[in-house]
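For reference, the structure is listed below as structure tokens.
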Amino acid sequence: MVSLLEISRNESDEDSWRLISGSLADISEALAVFHPHRATRKITVFGSARTARGEPAYAVAKELAEVAVAQGFEVMTGAGGGVMEAANQGAGCENSIGLNVDLPFEQHANRYVSGCDGRLLHFRYFFTRKLFFLRESDALVVLPGGFGTLDELFESLTLIQTGRTPPIPLVLLAPEGDDFWEGWERHVHEGLAQRGLISPEDSSLLMRARSAHGAIELICRFYRVFHTAQFGADRLELLLHVPFPSSQLGQLNHAFADLLEEGSIQPGESCDDNGILRPCLRLQIDKRRIGRLYQLIDRLNSLELPPCGALEHPGERLCAVEP
């Protein structure tokens with residue numbers, strides 16, 4: 001309210017107020033739709049709206065959603081055709097969420113999500129739509145696509161690399177025999193990294209899969225021990241499903257000393273967004289080294305651990321922590 005009053009003192013242009021009103025409406029409607037689904041992790045599927053039903057990428061997107069739902073995840077898409085339609089079809093109405101955007105052509109909500117009561121959003125602006133894709137996603141899977149798909153991929157990478165969104169798995173997926181991502185990765189990792197435009201460890205922000213099952217296995221593994229990350233003013237907390245073994249703490253600090261801005265990695269406990277007390281690791285990181293943070297998370301997920309129920313439900317955000 002204070003911000004609106006400040007704007008009203010200096011701004012009377014109708015277009016400006018249309019922008020403000022539309023943005024607030026987008027946010028309000030999206031918060032209402034997502035509120036009932038906060039306990040379930042969600043996988044966002046990006047890909048071309050132009051992918052035909054007979055193409056291998058369509059079949060892979062449909063299977064991806066089916067496997068995701070079987071593991072307890074919900075599936076989010078841009079609600080359009082092609083890859084998005086395939087993912088909504090595979091997930092089914094009761095496990096799909098569509099984030100549509102008003103466009104003069106090409107983008108109409110597909111039939112597999114358009115009739116889902118309370119699960120389809122119509123955004124006025126791309127920027128509010130992108131905000132909720134990243135805010136509500138626990139994983140991203142990107143299939144071959146054009147400008148829009150690549151824009152979503154780079155936007156996601158930018159927000160992850162700069163620490164503006166907590167670490168989540170980002171998987172590049174193409175059908176067997178489709179080399180769409182090979183050339184792209186070669187340019188990014190060799191062209192950009194060799195010129196010093198990105199850090200060499202930024203390659204760790206991405207994973208690549210050749211099948212729907214492979215993509216979901218990568219996502220489930222990402223949440224095997226790691227639960228989520230909470231950025232504070234002066235430190236980062238990595239919330240875990242199980243405590244990190246104290247006997248391995250010295251080795252972990254030695255291996256990731258270059259990630260720390262100062263101090264050391266320390267064990268503790270912290271409440272997540274749902275008030276559940278979880279074991280955690282606290283550290284002050286160099287925020288320019290997010291790729292190394294992903295390597296640390298991979299190290300945590302590689303721990304040899306005894307059977308634990310908290311590790312068996314990757315799709316649940318509220319999974320209870322076992323003693």
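All residue names refer to the structure tokens as shown: chains lettered A, B, ... in order, residues numbered from 1 in each chain, ligands numbered from 1 in order.
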
Worksheet item: Just asking: which residues within range 109-291 of chain A are helix (DSSP H, G or I) according to DSSP, as a PyMOL selection string?
Response: chain A and resi 111-114+126-136+147-161+180-194+200-205+212-222+246-255+257-259+290-291

Discussion item. Can you tell me which residues surround Ser28 in chain A at a distance of at most 12 Å, considering only C-alpha atoms, apart from same-chain residues fewer than 6 positions away, and format the answer as number ranges by chain?
Written reply: A: 21-22, 34-35, 121-123, 128, 132

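Residues surrounding range 94-97 of chain A within 8 Å are Val69, Phe73, Glu74, Val75, Met76, Thr77, Ala79, Asn88, Val113, Cys116, Arg119 and Leu120 of chain A [only C-alpha atoms; sequence separation below 5 positions excluded].
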
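Considering only C-alpha atoms, the residue among A:Leu239, A:Leu293, A:Leu131, A:Ala229 positioned nearest to Leu205 in chain A is A:Leu293.
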
Worksheet item: Nearest to Ile219 in chain A: which of A:Val33, A:Val171, A:Ile290, A:Ala233 is it, counting only C-alpha atoms?
Response: A:Val171

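We find CA of Met1 in chain A and CA of Arg18 in chain A to be spaced 16.5 Å apart.
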